[in-house]
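Participant: Below is start29.cif; it holds mmCIF, C-alpha atoms and all ligand atoms.
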data_work
loop_
_atom_site.label_atom_id
_atom_site.label_comp_id
_atom_site.auth_asym_id
_atom_site.auth_seq_id
_atom_site.Cartn_x
_atom_site.Cartn_y
_atom_site.Cartn_z
CA ALA A 1 27.99 39.00 19.51
CA SER A 2 27.42 37.63 16.03
CA LEU A 3 27.04 33.99 15.06
CA PRO A 4 30.08 31.72 14.70
CA ASP A 5 31.20 30.86 11.17
CA ASP A 6 29.49 28.43 8.77
CA THR A 7 31.47 25.35 9.73
CA GLN A 8 30.82 25.87 13.43
CA ILE A 9 27.09 26.26 12.87
CA GLN A 10 26.96 23.10 10.75
CA ALA A 11 29.10 21.26 13.34
CA ALA A 12 26.68 22.20 16.15
CA VAL A 13 23.73 20.95 14.06
CA ASP A 14 25.53 17.69 13.19
CA LYS A 15 26.56 17.09 16.78
CA ALA A 16 23.01 17.43 18.09
CA TYR A 17 21.78 15.10 15.35
CA GLN A 18 24.34 12.44 16.27
CA ASP A 19 23.87 12.89 20.02
CA TYR A 20 20.10 12.41 19.95
CA ARG A 21 19.48 10.29 16.87
CA SER A 22 19.08 7.08 18.85
CA LEU A 23 17.30 8.59 21.86
CA SER A 24 13.88 6.97 22.00
CA ASP A 25 12.32 8.58 25.10
CA GLY A 26 8.77 9.90 24.93
CA ALA A 27 5.76 8.78 22.91
CA ASN A 28 3.78 10.05 19.94
CA ALA A 29 0.57 11.90 20.79
CA ASP A 30 -2.32 9.48 20.39
CA TYR A 31 -5.40 11.50 21.41
CA ILE A 32 -5.54 12.42 17.71
CA PRO A 33 -5.45 8.89 16.19
CA ALA A 34 -3.50 9.83 13.03
CA LEU A 35 -0.60 11.20 15.09
CA ALA A 36 0.01 7.79 16.65
CA GLU A 37 0.70 6.43 13.14
CA VAL A 38 3.62 8.76 12.39
CA ASP A 39 7.09 7.14 12.37
CA PRO A 40 8.62 7.92 15.80
CA ALA A 41 12.13 7.63 14.33
CA LEU A 42 11.58 10.67 12.08
CA PHE A 43 14.20 13.28 13.07
CA GLY A 44 15.08 16.43 11.18
CA ILE A 45 16.90 19.60 12.21
CA ALA A 46 16.96 22.86 10.22
CA LEU A 47 18.46 26.21 11.16
CA ILE A 48 18.03 29.26 8.92
CA THR A 49 19.93 32.46 9.63
CA THR A 50 18.46 35.92 9.16
CA ASP A 51 20.51 36.16 5.97
CA GLY A 52 18.75 33.08 4.64
CA LYS A 53 21.42 30.38 4.97
CA LEU A 54 20.22 26.86 5.74
CA TYR A 55 22.08 24.39 7.98
CA SER A 56 20.50 21.00 8.43
CA ALA A 57 20.77 17.37 9.47
CA GLY A 58 18.45 14.41 9.13
CA ASP A 59 15.05 14.36 7.44
CA LEU A 60 14.16 17.63 5.73
CA ASN A 61 11.50 16.25 3.39
CA THR A 62 8.93 14.40 5.46
CA GLN A 63 5.94 16.49 6.47
CA VAL A 64 4.24 16.35 9.85
CA SER A 65 1.18 18.32 10.92
CA ILE A 66 2.09 21.75 12.24
CA GLN A 67 -0.41 21.48 15.13
CA SER A 68 0.01 24.13 17.83
CA ILE A 69 2.92 25.85 16.10
CA SER A 70 0.22 27.27 13.81
CA LYS A 71 -1.08 29.31 16.77
CA VAL A 72 1.89 31.68 16.53
CA PHE A 73 1.15 32.54 12.92
CA THR A 74 -2.58 32.98 13.44
CA MET A 75 -1.75 35.31 16.32
CA ALA A 76 0.53 37.23 13.95
CA LYS A 77 -2.26 37.47 11.39
CA VAL A 78 -4.74 38.83 13.91
CA VAL A 79 -2.24 41.38 15.22
CA GLU A 80 -1.48 42.49 11.66
CA GLU A 81 -5.16 42.74 10.72
CA SER A 82 -6.64 44.13 13.92
CA GLY A 83 -3.81 45.84 15.78
CA ARG A 84 -1.26 44.95 18.39
CA LEU A 85 -3.70 45.12 21.32
CA SER A 86 -6.36 42.94 19.65
CA ILE A 87 -5.14 39.67 21.15
CA TYR A 88 -4.12 41.27 24.44
CA ASP A 89 -7.58 42.76 24.88
CA ASN A 90 -9.51 39.64 23.89
CA MET A 91 -7.91 36.64 25.61
CA GLY A 92 -4.83 38.11 27.22
CA VAL A 93 -1.16 37.14 27.19
CA ASP A 94 -0.64 35.29 30.47
CA ALA A 95 0.55 31.76 31.02
CA THR A 96 -2.23 29.54 32.31
CA GLY A 97 -0.01 27.07 34.17
CA GLN A 98 -2.42 24.40 32.89
CA VAL A 99 -2.47 21.91 30.05
CA PHE A 100 -3.16 23.34 26.58
CA ASN A 101 -6.78 22.19 26.49
CA SER A 102 -7.70 23.10 30.04
CA ILE A 103 -11.30 23.92 30.86
CA ASN A 104 -10.23 25.14 34.32
CA ALA A 105 -8.01 27.76 32.68
CA ILE A 106 -11.13 29.20 31.01
CA GLU A 107 -13.28 29.01 34.09
CA GLN A 108 -10.76 30.70 36.33
CA HIS A 109 -11.06 34.06 34.58
CA GLN A 110 -14.09 33.63 32.30
CA GLY A 111 -11.86 33.10 29.28
CA ALA A 112 -9.67 36.17 29.87
CA GLU A 113 -6.12 36.17 31.29
CA MET A 114 -5.00 33.35 29.05
CA ASN A 115 -3.12 33.55 25.76
CA PRO A 116 -3.42 32.72 22.05
CA LEU A 117 -1.03 29.75 22.26
CA VAL A 118 -3.30 27.43 24.25
CA ASN A 119 -6.36 25.92 22.60
CA PRO A 120 -9.15 28.17 23.96
CA GLY A 121 -7.19 31.35 23.16
CA ALA A 122 -6.05 29.94 19.83
CA ILE A 123 -9.57 29.10 18.70
CA ALA A 124 -10.63 32.60 19.78
CA ALA A 125 -7.73 34.03 17.73
CA THR A 126 -8.79 32.00 14.68
CA SER A 127 -12.31 33.40 15.09
CA MET A 128 -10.85 36.93 14.81
CA VAL A 129 -9.26 36.38 11.38
CA LYS A 130 -11.05 38.50 8.79
CA GLY A 131 -12.81 37.11 5.72
CA LYS A 132 -16.23 37.03 4.09
CA ASP A 133 -16.98 33.38 4.85
CA ALA A 134 -15.32 30.25 6.25
CA ALA A 135 -13.64 29.35 2.95
CA ASP A 136 -12.26 32.86 2.55
CA ILE A 137 -10.92 32.94 6.13
CA TRP A 138 -9.32 29.54 5.69
CA HIS A 139 -7.72 30.50 2.40
CA SER A 140 -6.32 33.64 3.96
CA ILE A 141 -4.78 31.69 6.88
CA LEU A 142 -3.25 29.02 4.63
CA SER A 143 -1.74 31.55 2.26
CA TYR A 144 -0.28 33.54 5.18
CA TYR A 145 1.39 30.40 6.58
CA SER A 146 2.65 29.57 3.08
CA ASP A 147 4.28 32.98 2.77
CA PHE A 148 6.18 32.33 6.00
CA ALA A 149 7.35 28.95 4.71
CA GLY A 150 8.16 30.36 1.28
CA ARG A 151 6.20 27.65 -0.53
CA GLN A 152 2.56 26.64 -0.95
CA LEU A 153 1.54 24.53 2.06
CA THR A 154 -1.38 22.09 2.08
CA VAL A 155 -3.47 20.22 4.64
CA LEU A 156 -2.60 16.62 5.55
CA ASP A 157 -6.07 15.30 4.96
CA ASP A 158 -5.73 12.15 7.09
CA VAL A 159 -4.74 14.28 10.08
CA TYR A 160 -7.58 16.73 9.49
CA GLN A 161 -10.17 13.93 9.19
CA SER A 162 -8.81 12.20 12.27
CA GLU A 163 -8.82 15.32 14.42
CA ALA A 164 -12.16 16.58 13.11
CA ALA A 165 -13.73 13.27 14.16
CA THR A 166 -12.28 13.44 17.67
CA ASN A 167 -12.15 17.16 18.58
CA GLN A 168 -15.22 17.30 20.81
CA ARG A 169 -13.12 18.71 23.63
CA ASN A 170 -11.97 21.62 21.45
CA GLN A 171 -15.60 22.19 20.44
CA ALA A 172 -16.47 22.40 24.14
CA LEU A 173 -13.63 24.87 24.77
CA ALA A 174 -14.88 27.00 21.87
CA MET A 175 -18.45 26.94 23.19
CA LEU A 176 -17.28 28.08 26.61
CA MET A 177 -15.14 30.84 25.09
CA TYR A 178 -18.17 31.89 23.06
CA ALA A 179 -20.34 31.97 26.17
CA TYR A 180 -17.82 34.32 27.79
CA GLY A 181 -17.79 36.62 24.76
CA HIS A 182 -14.35 35.85 23.30
CA ILE A 183 -15.33 34.17 20.01
CA ASN A 184 -16.26 36.20 16.98
CA GLY A 185 -19.04 34.45 15.01
CA ASP A 186 -19.84 30.74 15.08
CA PRO A 187 -17.69 28.82 17.62
CA LEU A 188 -17.93 25.53 15.72
CA GLN A 189 -16.84 27.22 12.49
CA ALA A 190 -13.85 28.67 14.35
CA THR A 191 -13.05 25.21 15.74
CA ASP A 192 -13.20 23.66 12.28
CA ILE A 193 -10.88 26.29 10.79
CA TYR A 194 -8.57 25.85 13.79
CA THR A 195 -8.56 22.07 13.17
CA ARG A 196 -7.59 22.65 9.55
CA GLN A 197 -4.82 25.07 10.50
CA CYS A 198 -3.41 22.43 12.90
CA SER A 199 -3.39 19.84 10.07
CA VAL A 200 -1.18 21.82 7.69
CA GLY A 201 1.80 19.72 6.58
CA VAL A 202 5.29 21.12 7.22
CA THR A 203 8.87 19.91 6.99
CA ALA A 204 11.67 20.89 9.37
CA LYS A 205 12.85 23.31 6.69
CA ASP A 206 9.41 24.94 6.39
CA LEU A 207 9.23 25.42 10.13
CA ALA A 208 12.76 26.84 10.26
CA MET A 209 11.83 29.36 7.54
CA MET A 210 8.75 30.36 9.50
CA ALA A 211 10.86 30.85 12.65
CA ALA A 212 13.59 32.68 10.71
CA THR A 213 10.97 35.13 9.43
CA LEU A 214 10.22 36.06 13.04
CA ALA A 215 13.97 36.23 13.82
CA ASN A 216 14.32 38.57 10.84
CA ALA A 217 11.89 41.23 12.15
CA GLY A 218 8.92 39.74 10.28
CA LYS A 219 10.46 39.52 6.81
CA ASN A 220 11.00 36.15 5.12
CA PRO A 221 14.82 35.95 4.83
CA VAL A 222 14.73 34.18 1.46
CA THR A 223 11.78 35.67 -0.42
CA GLY A 224 12.17 39.08 1.24
CA GLN A 225 8.42 39.31 1.72
CA PRO A 226 7.38 41.38 4.76
CA LEU A 227 4.79 39.40 6.76
CA VAL A 228 4.72 41.03 10.18
CA GLN A 229 5.46 44.69 10.78
CA SER A 230 8.72 44.79 12.71
CA GLU A 231 7.09 46.64 15.60
CA ASN A 232 4.62 43.77 16.07
CA VAL A 233 7.24 41.03 16.32
CA PRO A 234 8.38 41.56 19.94
CA GLU A 235 4.88 40.98 21.33
CA ILE A 236 4.56 37.72 19.40
CA LEU A 237 7.93 36.54 20.69
CA ALA A 238 6.93 37.55 24.23
CA VAL A 239 3.89 35.29 24.16
CA MET A 240 6.01 32.45 22.76
CA ALA A 241 8.44 32.96 25.66
CA THR A 242 5.58 33.01 28.16
CA ALA A 243 3.52 30.12 26.87
CA GLY A 244 5.15 28.41 23.90
CA LEU A 245 5.86 25.10 25.63
CA TYR A 246 2.64 24.99 27.65
CA ASP A 247 3.23 24.25 31.29
CA ASP A 248 6.98 23.73 30.75
CA SER A 249 7.53 27.20 29.24
CA GLY A 250 9.41 28.41 32.32
CA LYS A 251 11.82 25.47 32.30
CA TRP A 252 12.45 25.93 28.60
CA LEU A 253 13.12 29.66 28.91
CA TYR A 254 15.43 29.03 31.83
CA LYS A 255 17.57 26.69 29.76
CA THR A 256 17.56 28.54 26.43
CA GLY A 257 16.20 32.09 26.73
CA LEU A 258 14.48 31.48 23.39
CA PRO A 259 10.90 32.27 22.40
CA ALA A 260 9.64 28.96 21.03
CA LYS A 261 6.53 26.97 20.15
CA SER A 262 5.85 23.27 20.17
CA GLY A 263 3.18 21.17 18.49
CA VAL A 264 1.86 17.70 19.28
CA GLY A 265 2.87 16.58 15.77
CA GLY A 266 6.46 16.63 17.09
CA GLY A 267 7.62 19.97 15.72
CA LEU A 268 9.34 22.66 17.77
CA ILE A 269 10.45 26.08 16.54
CA ALA A 270 12.62 28.61 18.35
CA VAL A 271 13.66 32.13 17.49
CA SER A 272 16.97 33.83 18.26
CA PRO A 273 16.08 37.43 17.36
CA GLY A 274 18.37 38.92 14.75
CA LYS A 275 20.27 35.65 14.41
CA PHE A 276 18.33 32.56 13.37
CA GLY A 277 15.18 30.50 13.40
CA ILE A 278 15.53 26.81 14.18
CA ALA A 279 13.15 23.89 13.93
CA VAL A 280 13.31 20.25 14.83
CA ILE A 281 10.80 17.52 14.02
CA SER A 282 10.71 14.39 16.19
CA PRO A 283 7.28 12.99 17.09
CA PRO A 284 7.80 11.41 20.56
CA LEU A 285 6.61 13.85 23.26
CA ASP A 286 7.20 14.21 26.98
CA ALA A 287 4.43 14.45 29.59
CA ALA A 288 3.92 18.18 28.93
CA GLY A 289 3.36 17.48 25.20
CA ASN A 290 6.71 18.75 23.89
CA SER A 291 9.06 16.79 21.60
CA VAL A 292 11.83 15.21 23.67
CA ARG A 293 14.55 15.21 21.03
CA ALA A 294 13.59 18.61 19.65
CA GLN A 295 13.98 20.28 23.03
CA LYS A 296 17.40 18.72 23.57
CA ALA A 297 18.70 19.40 20.08
CA ILE A 298 17.59 23.04 19.99
CA THR A 299 18.94 23.70 23.49
CA ASP A 300 22.38 22.34 22.61
CA ILE A 301 22.61 24.02 19.21
CA SER A 302 21.46 27.41 20.40
CA ASN A 303 23.69 27.38 23.45
CA ALA A 304 26.67 26.37 21.30
CA LEU A 305 26.02 29.32 18.97
CA GLY A 306 25.30 31.98 21.59
CA GLY A 307 21.63 32.08 20.64
CA ASN A 308 20.33 33.06 24.07
CA PRO A 309 19.20 36.70 23.77
CA TYR A 310 19.72 37.28 27.50
CA GLU A 311 23.40 36.42 27.18
CA VAL A 312 25.60 39.44 26.68
CA SER A 313 29.24 38.84 25.92
N1 LIG A 401 -4.67 20.31 17.17
C1 LIG A 401 -4.19 20.04 18.51
C2 LIG A 401 -5.32 20.22 19.50
O1 LIG A 401 -6.10 21.08 19.31
C3 LIG A 401 -3.07 20.97 18.82
C4 LIG A 401 -2.53 20.80 20.19
C5 LIG A 401 -1.07 20.98 20.30
O2 LIG A 401 -0.29 20.88 19.35
N2 LIG A 401 -0.66 21.16 21.52
O3 LIG A 401 -5.45 19.51 20.46
#
Once you've parsed the file, please lay out its structure as structure tokens.

Facilitator:
Amino acid sequence: ASLPDDTQIQAAVDKAYQDYRSLSDGANADYIPALAEVDPALFGIALITTDGKLYSAGDLNTQVSIQSISKVFTMAKVVEESGRLSIYDNMGVDATGQVFNSINAIEQHQGAEMNPLVNPGAIAATSMVKGKDAADIWHSILSYYSDFAGRQLTVLDDVYQSEAATNQRNQALAMLMYAYGHINGDPLQATDIYTRQCSVGVTAKDLAMMAATLANAGKNPVTGQPLVQSENVPEILAVMATAGLYDDSGKWLYKTGLPAKSGVGGGLIAVSPGKFGIAVISPPLDAAGNSVRAQKAITDISNALGGNPYEVS
């Protein structure tokens, strides 16, 4: 089935905005001090169809840090540069059933049988990005993310400084992954580049464009730029479905059927293949680390539009 018409899409977006605008459950992440400072009332919804039409409600201009949503696009970069089995062979594509910065998840299988969307696997993925030095690798990552968003993205320096000063746990995860042979090069360099990639500033519209590029078989629906070969997209979506919302990925998939990815900055993206990408920004998180309002808004909007790819009508 195809999507409902323009007015119905906009009505679904508006309804979710109104329904959840005053919901104040959850709390900003505070283990990265700068994230605790972000306005918890910030709420923006953007949906972009595979033909490039934008439907939105709320704040489309305020940037938050992309955080873990970046992991999807670094995975895509590695798969594009090094082949579709590169991630699968290095850290695996299985859910860990543990928090995103779990040391136990590494220890259980010596850093294998995890996935690129939790911190140890994500830092390992960042270490696999090609480039002649750290600056070159970083530039390549930032420009790839920018192509997905369709505009030049930049780092939110306060977030980067705050996380770089407090990311000892991620450094430890990287060291362990290195010890087990999953990190290419210097583990602390990989952690620093990973910290920068997590600090990239994005709006709800940027995130929706990034998601819509995946929904559109890897081609940005507005600029037309091909960013992921279409045959590499299903594997990326599969890992998002498996592990995109950490330990609550199963519950999310049960309710929506959508490959998705959350970040502790309050962003959440979801992909309805062939139909749309959607993103919501709302900083307060639940206990699993996923935005409360974003989960509710995306679930309602997608279900109203027939976005669930498992639903055949
Ligand atoms: N930069 C954050 C971290 O490494 C990302 C975590 C997240 O968004 N879940 O802890």

Participant: A:Ile123, A:Leu42, A:Met209, A:Leu23: which is nearest ligand LIG 401 (chain A), counting only C-alpha atoms and all ligand atoms?

Facilitator: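 The shortest atom-to-atom distance to ligand LIG 401 (chain A) comes from A:Ile123.
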
Participant: When the cut-off is 6 Å and you count only C-alpha atoms and all ligand atoms, which residues lie near ligand LIG 401 (chain A), shown as a ChimeraX atom specification?

Facilitator: /A:67-68,119,195,198,263-264

Participant: Contacts of Gln98 of chain A at 8 Å or less, counting only C-alpha atoms, minus same-chain residues fewer than 5 places along, as number ranges by chain?

Facilitator: A: 104-105, 246-247

Participant: Please, could you write that set of residues out with C-alpha atoms as a PDB file, in the frame of the given file?

Facilitator:
ATOM      1  CA  ASN A 104     -10.230  25.140  34.320  1.00  0.00           C
ATOM      2  CA  ALA A 105      -8.010  27.760  32.680  1.00  0.00           C
ATOM      3  CA  TYR A 246       2.640  24.990  27.650  1.00  0.00           C
ATOM      4  CA  ASP A 247       3.230  24.250  31.290  1.00  0.00           C
TER       5      ASP A 247
END

Participant: Would you kindly identify which residues have an atom no farther than 12 Å from (-15.3, 32.1, 6.1), using all atoms listed in the file and the file's own coordinates, and write them out as an mmCIF file with C-alpha atoms, in the coordinates of the input?

Facilitator:
data_model
loop_
_atom_site.group_PDB
_atom_site.id
_atom_site.type_symbol
_atom_site.label_atom_id
_atom_site.label_comp_id
_atom_site.auth_asym_id
_atom_site.auth_seq_id
_atom_site.Cartn_x
_atom_site.Cartn_y
_atom_site.Cartn_z
ATOM 1 C CA THR A 126 -8.790 32.000 14.680
ATOM 2 C CA SER A 127 -12.310 33.400 15.090
ATOM 3 C CA MET A 128 -10.850 36.930 14.810
ATOM 4 C CA VAL A 129 -9.260 36.380 11.380
ATOM 5 C CA LYS A 130 -11.050 38.500 8.790
ATOM 6 C CA GLY A 131 -12.810 37.110 5.720
ATOM 7 C CA LYS A 132 -16.230 37.030 4.090
ATOM 8 C CA ASP A 133 -16.980 33.380 4.850
ATOM 9 C CA ALA A 134 -15.320 30.250 6.250
ATOM 10 C CA ALA A 135 -13.640 29.350 2.950
ATOM 11 C CA ASP A 136 -12.260 32.860 2.550
ATOM 12 C CA ILE A 137 -10.920 32.940 6.130
ATOM 13 C CA TRP A 138 -9.320 29.540 5.690
ATOM 14 C CA HIS A 139 -7.720 30.500 2.400
ATOM 15 C CA SER A 140 -6.320 33.640 3.960
ATOM 16 C CA ILE A 141 -4.780 31.690 6.880
ATOM 17 C CA ASN A 184 -16.260 36.200 16.980
ATOM 18 C CA GLY A 185 -19.040 34.450 15.010
ATOM 19 C CA ASP A 186 -19.840 30.740 15.080
ATOM 20 C CA LEU A 188 -17.930 25.530 15.720
ATOM 21 C CA GLN A 189 -16.840 27.220 12.490
ATOM 22 C CA ALA A 190 -13.850 28.670 14.350
ATOM 23 C CA ASP A 192 -13.200 23.660 12.280
ATOM 24 C CA ILE A 193 -10.880 26.290 10.790
ATOM 25 C CA TYR A 194 -8.570 25.850 13.790
#

Participant: Compile the contact shell of segment 75-85 of chain A as a ChimeraX atom specification: residues with an atom at most 7 Å away, counting all atoms listed in the file, same-chain residues fewer than 6 positions apart removed.

Facilitator: /A:116,125,128-129,228,232,236

Participant: Take the residues that were just selected and, keeping C-alpha atoms, output them as a PDB file, in the frame of the given file.

Facilitator:
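As written to disk, selection_35.pdb reads:
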ATOM      1  CA  PRO A 116      -3.420  32.720  22.050  1.00  0.00           C
ATOM      2  CA  ALA A 125      -7.730  34.030  17.730  1.00  0.00           C
ATOM      3  CA  MET A 128     -10.850  36.930  14.810  1.00  0.00           C
ATOM      4  CA  VAL A 129      -9.260  36.380  11.380  1.00  0.00           C
ATOM      5  CA  VAL A 228       4.720  41.030  10.180  1.00  0.00           C
ATOM      6  CA  ASN A 232       4.620  43.770  16.070  1.00  0.00           C
ATOM      7  CA  ILE A 236       4.560  37.720  19.400  1.00  0.00           C
TER       8      ILE A 236
END

Participant: So, counting all atoms listed in the file, which residue among A:Ser102, A:Ser262, A:Gln171, A:Thr256 is closest to Leu305 of chain A?

Facilitator: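 Among the listed residues, the smallest separation from Leu305 of chain A belongs to A:Thr256.
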
Participant: Quick one, how far is atom CA of Ser302 of chain A from atom CA of Ala288 of chain A?

Facilitator: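 Separation between atom CA of Ser302 of chain A and atom CA of Ala288 of chain A: 21.6 Å.
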